[in-house]
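*Asks:* Pasting work-v2.cif here (mmCIF, C-alpha atoms):
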```cif
data_my_file
#
loop_
_atom_site.group_PDB
_atom_site.id
_atom_site.type_symbol
_atom_site.label_atom_id
_atom_site.label_comp_id
_atom_site.auth_asym_id
_atom_site.auth_seq_id
_atom_site.Cartn_x
_atom_site.Cartn_y
_atom_site.Cartn_z
ATOM 1 C CA ASP A 1 134.087 -121.646 127.692
ATOM 2 C CA LEU A 2 132.491 -118.494 129.059
ATOM 3 C CA GLY A 3 135.820 -117.517 130.653
ATOM 4 C CA LYS A 4 137.690 -117.998 127.403
ATOM 5 C CA PHE A 5 135.083 -115.956 125.524
ATOM 6 C CA THR A 6 135.381 -113.136 128.062
ATOM 7 C CA MET A 7 139.192 -113.159 127.817
ATOM 8 C CA VAL A 8 139.052 -112.970 124.012
ATOM 9 C CA ARG A 9 136.680 -109.994 124.232
ATOM 10 C CA CYS A 10 139.019 -108.226 126.690
ATOM 11 C CA LEU A 11 142.058 -108.829 124.499
ATOM 12 C CA PHE A 12 140.150 -107.557 121.460
ATOM 13 C CA ALA A 13 139.058 -104.402 123.286
ATOM 14 C CA LEU A 14 142.610 -103.825 124.565
ATOM 15 C CA GLY A 15 144.029 -104.220 121.061
ATOM 16 C CA LEU A 16 141.453 -101.797 119.698
ATOM 17 C CA CYS A 17 142.425 -99.231 122.332
ATOM 18 C CA PHE A 18 146.110 -99.522 121.397
ATOM 19 C CA LEU A 19 145.234 -99.122 117.706
ATOM 20 C CA LEU A 20 143.159 -95.985 118.333
ATOM 21 C CA CYS A 21 145.904 -94.479 120.477
ATOM 22 C CA PHE A 22 148.470 -95.157 117.767
ATOM 23 C CA LEU A 23 146.302 -93.581 115.091
ATOM 24 C CA TYR A 24 145.587 -90.549 117.285
ATOM 25 C CA ARG A 25 149.285 -89.989 118.013
ATOM 26 C CA GLY A 26 150.149 -90.392 114.334
ATOM 27 C CA VAL A 27 147.548 -87.914 113.137
ATOM 28 C CA ASN A 28 148.576 -85.329 115.709
ATOM 29 C CA SER A 29 152.341 -85.766 115.456
ATOM 30 C CA PRO A 30 154.394 -82.937 113.903
ATOM 31 C CA ASN A 31 155.354 -85.098 110.937
ATOM 32 C CA ALA A 32 151.778 -85.987 110.124
ATOM 33 C CA SER A 33 150.421 -82.477 110.491
ATOM 34 C CA ASN A 34 151.884 -81.509 107.118
ATOM 35 C CA LEU A 35 149.583 -84.055 105.510
ATOM 36 C CA GLN A 36 146.515 -82.223 106.729
ATOM 37 C CA VAL A 37 146.353 -79.649 103.965
ATOM 38 C CA SER A 38 143.033 -78.049 103.131
ATOM 39 C CA LYS A 39 142.077 -77.925 99.476
ATOM 40 C CA GLU A 40 141.961 -74.146 99.360
ATOM 41 C CA ALA A 41 145.244 -73.651 101.203
ATOM 42 C CA LYS A 42 147.479 -76.039 99.282
ATOM 43 C CA THR A 43 149.543 -74.511 96.502
ATOM 44 C CA GLU A 44 149.948 -76.307 93.207
ATOM 45 C CA GLN A 45 153.697 -76.847 93.499
ATOM 46 C CA SER A 46 154.249 -76.823 97.241
ATOM 47 C CA THR A 47 153.796 -79.710 99.687
ATOM 48 C CA GLN A 48 153.536 -77.313 102.610
ATOM 49 C CA PRO A 49 150.171 -75.946 103.737
ATOM 50 C CA CYS A 50 149.556 -72.226 103.809
ATOM 51 C CA THR A 51 147.386 -70.902 106.608
ATOM 52 C CA LEU A 52 146.069 -67.456 105.752
ATOM 53 C CA ILE A 53 146.309 -65.121 108.744
ATOM 54 C CA LEU A 54 145.072 -61.549 108.953
ATOM 55 C CA LYS A 55 147.928 -60.182 111.058
ATOM 56 C CA SER A 56 147.166 -56.505 111.527
ATOM 57 C CA VAL A 57 144.993 -53.602 110.466
ATOM 58 C CA THR A 58 146.643 -50.193 110.787
ATOM 59 C CA THR A 59 144.258 -47.236 110.683
ATOM 60 C CA PRO A 60 145.076 -43.511 110.997
ATOM 61 C CA SER A 61 144.551 -43.875 114.747
ATOM 62 C CA GLY A 62 147.238 -46.562 115.014
ATOM 63 C CA PRO A 63 147.961 -50.284 114.522
ATOM 64 C CA ASN A 64 145.721 -53.075 115.725
ATOM 65 C CA ILE A 65 147.258 -56.538 115.964
ATOM 66 C CA VAL A 66 144.463 -58.974 115.235
ATOM 67 C CA HIS A 67 146.040 -62.319 114.170
ATOM 68 C CA VAL A 68 142.833 -63.842 112.785
ATOM 69 C CA GLN A 69 142.658 -67.200 110.984
ATOM 70 C CA ASP A 70 138.880 -67.632 110.822
ATOM 71 C CA HIS A 71 137.739 -66.401 107.404
ATOM 72 C CA ARG A 72 134.333 -65.355 108.722
ATOM 73 C CA ILE A 73 135.948 -63.020 111.235
ATOM 74 C CA MET A 74 138.246 -61.681 108.494
ATOM 75 C CA TRP A 75 135.202 -60.877 106.370
ATOM 76 C CA ALA A 76 133.551 -59.115 109.306
ATOM 77 C CA ILE A 77 136.637 -56.974 109.984
ATOM 78 C CA ILE A 78 137.117 -56.056 106.326
ATOM 79 C CA SER A 79 133.406 -55.331 105.838
ATOM 80 C CA GLN A 80 133.537 -52.929 108.778
ATOM 81 C CA LEU A 81 136.275 -51.005 106.976
ATOM 82 C CA ALA A 82 134.062 -50.726 103.893
ATOM 83 C CA ARG A 83 131.375 -49.077 106.004
ATOM 84 C CA GLY A 84 133.785 -46.686 107.688
ATOM 85 C CA ARG A 85 134.378 -42.999 107.141
ATOM 86 C CA ARG A 86 135.734 -42.086 103.730
ATOM 87 C CA PRO A 87 139.266 -40.825 104.428
ATOM 88 C CA SER A 88 141.502 -38.208 102.947
ATOM 89 C CA ALA A 89 144.286 -39.364 100.616
ATOM 90 C CA GLU A 90 146.798 -39.763 103.418
ATOM 91 C CA ASP A 91 144.477 -41.854 105.592
ATOM 92 C CA ASP A 92 144.970 -45.228 103.917
ATOM 93 C CA VAL A 93 144.404 -48.338 105.990
ATOM 94 C CA VAL A 94 147.236 -50.873 105.838
ATOM 95 C CA VAL A 95 146.263 -54.536 106.111
ATOM 96 C CA THR A 96 148.909 -57.236 106.487
ATOM 97 C CA PHE A 97 148.501 -60.941 105.784
ATOM 98 C CA SER A 98 150.742 -63.947 106.192
ATOM 99 C CA GLY A 99 150.337 -67.419 104.734
ATOM 100 C CA LEU A 100 149.167 -66.451 101.267
ATOM 101 C CA PRO A 101 149.603 -69.398 98.891
ATOM 102 C CA CYS A 102 152.171 -68.312 96.319
ATOM 103 C CA ARG A 103 153.930 -70.123 93.510
ATOM 104 C CA ALA A 104 155.867 -72.700 95.514
ATOM 105 C CA HIS A 105 155.755 -71.334 99.035
ATOM 106 C CA CYS A 106 153.702 -69.273 101.449
ATOM 107 C CA CYS A 107 154.228 -65.528 101.439
ATOM 108 C CA ASN A 108 153.192 -62.311 103.162
ATOM 109 C CA ALA A 109 151.355 -59.300 101.771
ATOM 110 C CA THR A 110 150.845 -55.691 102.784
ATOM 111 C CA ILE A 111 147.797 -54.121 101.155
ATOM 112 C CA TYR A 112 146.682 -50.508 101.198
ATOM 113 C CA LEU A 113 142.997 -49.628 101.019
ATOM 114 C CA ARG A 114 140.568 -46.816 101.791
ATOM 115 C CA THR A 115 137.751 -47.038 104.314
ATOM 116 C CA GLY A 116 134.269 -46.150 103.167
ATOM 117 C CA THR A 117 134.969 -47.529 99.678
ATOM 118 C CA THR A 118 134.655 -50.843 97.840
ATOM 119 C CA ASP A 119 138.407 -51.468 98.350
ATOM 120 C CA ALA A 120 137.676 -53.782 101.273
ATOM 121 C CA TYR A 121 135.346 -55.934 99.166
ATOM 122 C CA ILE A 122 137.965 -56.195 96.425
ATOM 123 C CA LEU A 123 140.442 -57.404 99.047
ATOM 124 C CA SER A 124 137.925 -59.925 100.387
ATOM 125 C CA TYR A 125 137.278 -61.484 96.978
ATOM 126 C CA ASN A 126 140.856 -61.497 95.696
ATOM 127 C CA VAL A 127 142.732 -62.307 98.906
ATOM 128 C CA ILE A 128 140.487 -63.910 101.526
ATOM 129 C CA ARG A 129 138.255 -65.857 99.146
ATOM 130 C CA ASP A 130 141.074 -66.038 96.565
ATOM 131 C CA ASP A 131 138.774 -66.368 93.552
ATOM 132 C CA THR A 132 141.629 -65.912 91.116
ATOM 133 C CA ARG A 133 143.392 -69.090 92.201
ATOM 134 C CA LEU A 134 140.347 -71.097 91.118
ATOM 135 C CA VAL A 135 140.603 -69.549 87.655
ATOM 136 C CA LEU A 136 144.387 -69.531 87.219
ATOM 137 C CA PRO A 137 146.278 -72.404 88.861
ATOM 138 C CA PRO A 138 149.881 -71.289 89.303
ATOM 139 C CA ASN A 139 151.390 -74.369 87.631
ATOM 140 C CA LYS A 140 150.643 -72.639 84.319
ATOM 141 C CA GLU A 141 153.486 -70.555 82.885
ATOM 142 C CA PHE A 142 152.888 -67.000 81.645
ATOM 143 C CA GLN A 143 155.461 -64.529 80.330
ATOM 144 C CA TYR A 144 153.320 -61.497 79.478
ATOM 145 C CA ILE A 145 150.188 -60.562 81.402
ATOM 146 C CA LEU A 146 147.622 -57.826 80.784
ATOM 147 C CA ASP A 147 145.511 -56.789 83.776
ATOM 148 C CA ALA A 148 142.838 -54.488 82.353
ATOM 149 C CA GLY A 149 140.822 -52.916 85.150
ATOM 150 C CA GLY A 150 143.508 -52.883 87.834
ATOM 151 C CA ASN A 151 141.473 -51.138 90.560
ATOM 152 C CA ILE A 152 143.709 -51.029 93.679
ATOM 153 C CA GLY A 153 146.147 -53.642 92.390
ATOM 154 C CA THR A 154 145.179 -56.840 94.205
ATOM 155 C CA MET A 155 145.043 -58.830 90.962
ATOM 156 C CA ALA A 156 148.379 -57.420 89.780
ATOM 157 C CA MET A 157 149.831 -58.450 93.143
ATOM 158 C CA PHE A 158 148.453 -61.966 92.661
ATOM 159 C CA PHE A 159 150.019 -62.177 89.202
ATOM 160 C CA ALA A 160 153.360 -60.851 90.459
ATOM 161 C CA ARG A 161 153.488 -63.271 93.401
ATOM 162 C CA ASN A 162 152.747 -66.312 91.263
ATOM 163 C CA TRP A 163 154.599 -65.347 88.071
ATOM 164 C CA PRO A 164 157.563 -63.308 89.334
ATOM 165 C CA ASN A 165 159.385 -63.571 86.002
ATOM 166 C CA ALA A 166 156.455 -62.362 83.910
ATOM 167 C CA LYS A 167 156.105 -58.860 82.532
ATOM 168 C CA ILE A 168 152.792 -57.505 83.810
ATOM 169 C CA VAL A 169 150.913 -54.439 82.570
ATOM 170 C CA THR A 170 148.011 -53.196 84.674
ATOM 171 C CA LEU A 171 145.642 -50.374 83.645
ATOM 172 C CA GLU A 172 143.311 -48.366 85.846
ATOM 173 C CA PRO A 173 141.421 -45.271 84.606
ATOM 174 C CA SER A 174 140.541 -43.728 87.984
ATOM 175 C CA LYS A 175 143.272 -41.474 89.402
ATOM 176 C CA ALA A 176 142.134 -42.128 92.972
ATOM 177 C CA ASN A 177 142.182 -45.909 92.496
ATOM 178 C CA PHE A 178 145.494 -45.649 90.660
ATOM 179 C CA GLN A 179 147.166 -43.907 93.603
ATOM 180 C CA VAL A 180 146.320 -46.858 95.841
ATOM 181 C CA LEU A 181 147.330 -49.332 93.122
ATOM 182 C CA GLN A 182 150.786 -47.739 92.912
ATOM 183 C CA LYS A 183 151.319 -48.245 96.643
ATOM 184 C CA ASN A 184 150.252 -51.875 96.468
ATOM 185 C CA ILE A 185 152.460 -52.877 93.541
ATOM 186 C CA ARG A 186 155.536 -50.974 94.783
ATOM 187 C CA PRO A 187 157.346 -54.154 95.961
ATOM 188 C CA PHE A 188 156.937 -55.808 92.550
ATOM 189 C CA LYS A 189 159.431 -54.645 89.953
ATOM 190 C CA ASN A 190 157.852 -56.691 87.156
ATOM 191 C CA VAL A 191 154.553 -54.719 87.188
ATOM 192 C CA ILE A 192 154.038 -51.729 84.898
ATOM 193 C CA ALA A 193 151.181 -49.483 86.057
ATOM 194 C CA VAL A 194 149.317 -47.324 83.538
ATOM 195 C CA ASN A 195 146.780 -44.684 84.546
ATOM 196 C CA GLY A 196 144.418 -45.068 81.610
ATOM 197 C CA ALA A 197 141.609 -47.132 80.134
ATOM 198 C CA LEU A 198 141.625 -49.997 77.654
ATOM 199 C CA TRP A 199 139.671 -49.026 74.549
ATOM 200 C CA GLY A 200 139.058 -50.189 71.003
ATOM 201 C CA ASN A 201 140.309 -47.252 68.948
ATOM 202 C CA ALA A 202 143.660 -45.483 69.070
ATOM 203 C CA ASN A 203 143.975 -41.768 69.906
ATOM 204 C CA ASN A 204 140.544 -41.714 71.457
ATOM 205 C CA PRO A 205 140.431 -40.208 74.984
ATOM 206 C CA VAL A 206 137.701 -41.376 77.320
ATOM 207 C CA THR A 207 136.063 -40.189 80.502
ATOM 208 C CA ILE A 208 134.578 -41.806 83.603
ATOM 209 C CA VAL A 209 130.841 -41.168 83.515
ATOM 210 C CA ASN A 210 129.933 -42.434 87.001
ATOM 211 C CA GLU A 211 132.869 -41.199 89.072
ATOM 212 C CA ASP A 212 130.555 -39.450 91.551
ATOM 213 C CA SER A 213 128.662 -42.651 92.362
ATOM 214 C CA LYS A 214 128.902 -43.494 96.049
ATOM 215 C CA ASN A 215 130.752 -46.705 96.948
ATOM 216 C CA ASN A 216 131.350 -47.565 93.318
ATOM 217 C CA GLU A 217 135.144 -47.490 93.165
ATOM 218 C CA TRP A 218 135.132 -51.010 91.718
ATOM 219 C CA GLY A 219 132.625 -50.135 88.969
ATOM 220 C CA PHE A 220 133.831 -46.991 87.174
ATOM 221 C CA ARG A 221 132.591 -46.973 83.586
ATOM 222 C CA VAL A 222 134.219 -45.062 80.743
ATOM 223 C CA GLU A 223 132.856 -43.660 77.498
ATOM 224 C CA GLU A 224 134.284 -41.550 74.696
ATOM 225 C CA TYR A 225 135.372 -38.169 75.966
ATOM 226 C CA ASN A 226 132.925 -35.298 75.766
ATOM 227 C CA LYS A 227 133.721 -31.892 77.240
ATOM 228 C CA SER A 228 130.474 -31.744 79.149
ATOM 229 C CA THR A 229 127.291 -33.625 79.793
ATOM 230 C CA PRO A 230 123.907 -32.178 78.787
ATOM 231 C CA ASP A 231 123.435 -30.819 82.300
ATOM 232 C CA GLY A 232 126.739 -28.958 82.114
ATOM 233 C CA ALA A 233 128.831 -31.140 84.430
ATOM 234 C CA GLN A 234 132.467 -31.244 83.380
ATOM 235 C CA TYR A 235 134.109 -34.568 82.642
ATOM 236 C CA SER A 236 137.795 -35.271 83.101
ATOM 237 C CA ARG A 237 139.809 -36.423 80.109
ATOM 238 C CA ILE A 238 141.524 -39.805 80.539
ATOM 239 C CA PRO A 239 144.025 -41.359 78.121
ATOM 240 C CA SER A 240 142.995 -44.605 76.496
ATOM 241 C CA TRP A 241 145.117 -47.442 75.170
ATOM 242 C CA THR A 242 144.495 -50.199 72.677
ATOM 243 C CA VAL A 243 146.076 -53.595 73.233
ATOM 244 C CA ALA A 244 148.250 -53.031 70.165
ATOM 245 C CA GLU A 245 149.542 -49.746 71.590
ATOM 246 C CA LEU A 246 150.478 -51.418 74.881
ATOM 247 C CA LEU A 247 152.331 -54.194 73.076
ATOM 248 C CA GLU A 248 154.329 -51.665 71.082
ATOM 249 C CA ARG A 249 154.904 -49.222 73.940
ATOM 250 C CA TYR A 250 156.333 -51.852 76.300
ATOM 251 C CA SER A 251 158.089 -54.043 73.693
ATOM 252 C CA ILE A 252 155.898 -57.075 74.333
ATOM 253 C CA PRO A 253 155.432 -59.649 71.533
ATOM 254 C CA HIS A 254 152.037 -60.806 72.786
ATOM 255 C CA PHE A 255 149.991 -61.191 75.965
ATOM 256 C CA ASP A 256 149.606 -64.864 76.801
ATOM 257 C CA LEU A 257 147.300 -64.073 79.739
ATOM 258 C CA VAL A 258 144.654 -61.365 79.465
ATOM 259 C CA LYS A 259 142.332 -60.505 82.335
ATOM 260 C CA MET A 260 139.568 -57.956 81.631
ATOM 261 C CA ASP A 261 137.254 -56.390 84.176
ATOM 262 C CA ILE A 262 136.487 -53.095 82.433
ATOM 263 C CA GLU A 263 132.805 -52.467 83.154
ATOM 264 C CA GLY A 264 131.429 -52.891 79.632
ATOM 265 C CA SER A 265 134.322 -51.468 77.608
ATOM 266 C CA GLU A 266 134.972 -55.012 76.406
ATOM 267 C CA LYS A 267 132.385 -54.204 73.734
ATOM 268 C CA GLU A 268 134.660 -51.591 72.140
ATOM 269 C CA VAL A 269 137.880 -53.525 72.745
ATOM 270 C CA LEU A 270 136.744 -56.880 71.350
ATOM 271 C CA SER A 271 134.746 -55.511 68.412
ATOM 272 C CA ALA A 272 137.689 -53.417 67.174
ATOM 273 C CA ALA A 273 139.107 -54.281 63.764
ATOM 274 C CA ASN A 274 142.473 -55.449 65.138
ATOM 275 C CA ALA A 275 141.116 -57.572 68.002
ATOM 276 C CA GLN A 276 141.778 -60.898 66.297
ATOM 277 C CA HIS A 277 145.391 -59.949 65.679
ATOM 278 C CA TRP A 278 146.324 -59.691 69.362
ATOM 279 C CA LEU A 279 143.881 -62.406 70.449
ATOM 280 C CA SER A 280 145.806 -64.885 68.282
ATOM 281 C CA GLY A 281 148.701 -64.735 70.764
ATOM 282 C CA VAL A 282 146.576 -65.205 73.888
ATOM 283 C CA ASP A 283 146.811 -68.504 75.762
ATOM 284 C CA THR A 284 144.288 -67.744 78.538
ATOM 285 C CA PHE A 285 141.553 -65.116 78.419
ATOM 286 C CA VAL A 286 139.654 -64.203 81.609
ATOM 287 C CA ILE A 287 136.811 -61.687 81.601
ATOM 288 C CA GLU A 288 133.974 -60.451 83.784
ATOM 289 C CA LEU A 289 131.098 -59.543 81.495
ATOM 290 C CA HIS A 290 129.037 -56.390 82.059
ATOM 291 C CA GLU A 291 125.999 -56.603 79.833
ATOM 292 C CA ARG A 292 124.034 -54.712 82.489
ATOM 293 C CA MET A 293 126.393 -51.746 82.060
ATOM 294 C CA ARG A 294 126.974 -51.828 78.314
ATOM 295 C CA GLU A 295 124.340 -53.481 76.139
ATOM 296 C CA GLY A 296 125.957 -55.627 73.492
ATOM 297 C CA SER A 297 129.184 -56.267 75.427
ATOM 298 C CA LYS A 298 128.367 -59.958 75.946
ATOM 299 C CA ASN A 299 127.654 -60.558 72.259
ATOM 300 C CA ALA A 300 130.815 -58.700 71.267
ATOM 301 C CA THR A 301 132.837 -60.935 73.583
ATOM 302 C CA MET A 302 131.252 -64.198 72.466
ATOM 303 C CA ASN A 303 131.539 -63.314 68.783
ATOM 304 C CA ALA A 304 135.203 -62.367 69.132
ATOM 305 C CA MET A 305 136.086 -65.539 71.027
ATOM 306 C CA LYS A 306 134.381 -67.776 68.441
ATOM 307 C CA LEU A 307 136.992 -66.641 65.918
ATOM 308 C CA THR A 308 139.925 -67.681 68.127
ATOM 309 C CA GLN A 309 141.479 -71.078 68.791
ATOM 310 C CA LEU A 310 140.633 -70.838 72.480
ATOM 311 C CA LYS A 311 138.246 -73.297 74.117
ATOM 312 C CA GLY A 312 135.481 -72.216 76.450
ATOM 313 C CA PRO A 313 133.986 -70.469 78.139
ATOM 314 C CA ASP A 314 134.250 -72.032 81.555
ATOM 315 C CA LYS A 315 132.262 -70.110 84.154
ATOM 316 C CA VAL A 316 134.232 -69.718 87.390
ATOM 317 C CA GLY A 317 132.628 -67.357 89.888
ATOM 318 C CA GLU A 318 132.125 -64.019 88.146
ATOM 319 C CA TYR A 319 134.589 -64.871 85.378
ATOM 320 C CA HIS A 320 134.275 -66.413 81.933
ATOM 321 C CA VAL A 321 137.484 -68.204 80.966
ATOM 322 C CA TRP A 322 138.815 -69.350 77.605
ATOM 323 C CA ARG A 323 141.976 -71.465 77.349
ATOM 324 C CA ARG A 324 144.098 -72.751 74.506
#
```
Show this structure as structure tokens.

*Replies:*
Amino acid sequence: DLGKFTMVRCLFALGLCFLLCFLYRGVNSPNASNLQVSKEAKTEQSTQPCTLILKSVTTPSGPNIVHVQDHRIMWAIISQLARGRRPSAEDDVVVTFSGLPCRAHCCNATIYLRTGTTDAYILSYNVIRDDTRLVLPPNKEFQYILDAGGNIGTMAMFFARNWPNAKIVTLEPSKANFQVLQKNIRPFKNVIAVNGALWGNANNPVTIVNEDSKNNEWGFRVEEYNKSTPDGAQYSRIPSWTVAELLERYSIPHFDLVKMDIEGSEKEVLSAANAQHWLSGVDTFVIELHERMREGSKNATMNAMKLTQLKGPDKVGEYHVWRR
């Protein structure tokens, strides 16, 4: 009896070993590897995983091939660029990525940025961390997109990659930011870039009041134009646009996706008399609120959205989102 019991135990152990070997080979076989898709890397309409790789960083001194997959190392490299020397206009850094999750496939991206600025942080949030994908899953269809507060164009690039047939208008008031934005959106023929600010009233030029702030390229704030400040400093005059003017200028019937990150100017835009007219055509409204920069901007946003048919807000990262 003891011999039989021992034989049964040996057979059981042998069978277990074969089972484990089979499972191990199956999990690590080429066919099974496609099933191991991380949540953040899988696109909505693609069965193939996308592995984000930081391929190279080209500085004025020359290219550096890095080929980094670890997101923590990517953050460290990009953060180092943010702390670097502020360059001249021709000293842009060029960062290349592969494996970005796009509409139904993985794609590559070449992104221009400036060292010693907040450009690198913008890239980290919108590309490495990919906040926008959490807010806007690409299985949603959009035809007309407004990107208010374009900065260096990373959001416009995201929109263009995922909705290549949409007509996209991106606005950025800063001339320096706008120059980088133009380089970044150059491959995308469906993006219209406007060097100006979104505002509530027509024919009302504005000015950037904190343009001299150090490392604040992602937080430029505009106010109504005044020739000079009380201390005599001269302000530059910047054209402003209302949503209605953009719709008319670019022959767009409505914006079904509106993204606003305009450092408090949402107060003027959403409290304007015609706000409800263009909001009635919006399907998805995404905004970063800036009550700390413009008192009353949060109330203006909430009050305007209560009058629409949109549901929300959902809080996703820094964004408040309303959807039809």

*Asks:* Neighbouring residues of Ala193 in chain A were defined as those with any atom within 8 Å, considering only C-alpha atoms; residues of the same chain fewer than 4 positions away were excluded. Please report them as number ranges by chain.

*Replies:* A: 169-172, 182

*Asks:* Please expand the PyMOL selection byres ((chain A and resi 273-281) around 10) into the concrete residues it hits in this file, giving the result as a list in words.

*Replies:*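 Given this file, the PyMOL selection byres ((chain A and resi 273-281) around 10) evaluates to Gly200, Asn201, Thr242, Val243, Ala244, Leu247, Pro253, His254, Phe255, Asp256, Leu257, Val258, Glu268, Val269, Leu270, Ser271, Ala272, Val282, Asp283, Thr284, Phe285, Ala304, Met305, Leu307, Thr308, Gln309, Leu310 and Arg324 of chain A.
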
*Asks:* Mind giving me the straight-line distance from CA of Ser79 in chain A to CA of Thr118 in chain A in Å, one decimal?

*Replies:*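 According to the coordinates, CA of Ser79 in chain A and CA of Thr118 in chain A are separated by 9.3 Å.
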
*Asks:* Taking all atoms listed in the file into account, name the residue in A:Tyr250, A:Trp218, A:Phe142, A:Phe159 that is nearest to Val194 in chain A.

*Replies:*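 Closest residue, counting all atoms listed in the file: A:Tyr250.
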
*Asks:* Do you know which residues the PyMOL selection byres ((chain A and resi 125-133) around 9) returns on this file, as number ranges by chain?

*Replies:* A: 40, 52, 71, 74-75, 100, 120-124, 134-138, 154-155, 158, 316-318

*Asks:* Can you pull out the residues contacting Lys315 in chain A? Cut-off 10 Å, using all atoms listed in the file, and skip same-chain residues under 3 positions away; I want them as a ChimeraX atom specification.

*Replies:* /A:135,286-288,312,318-322
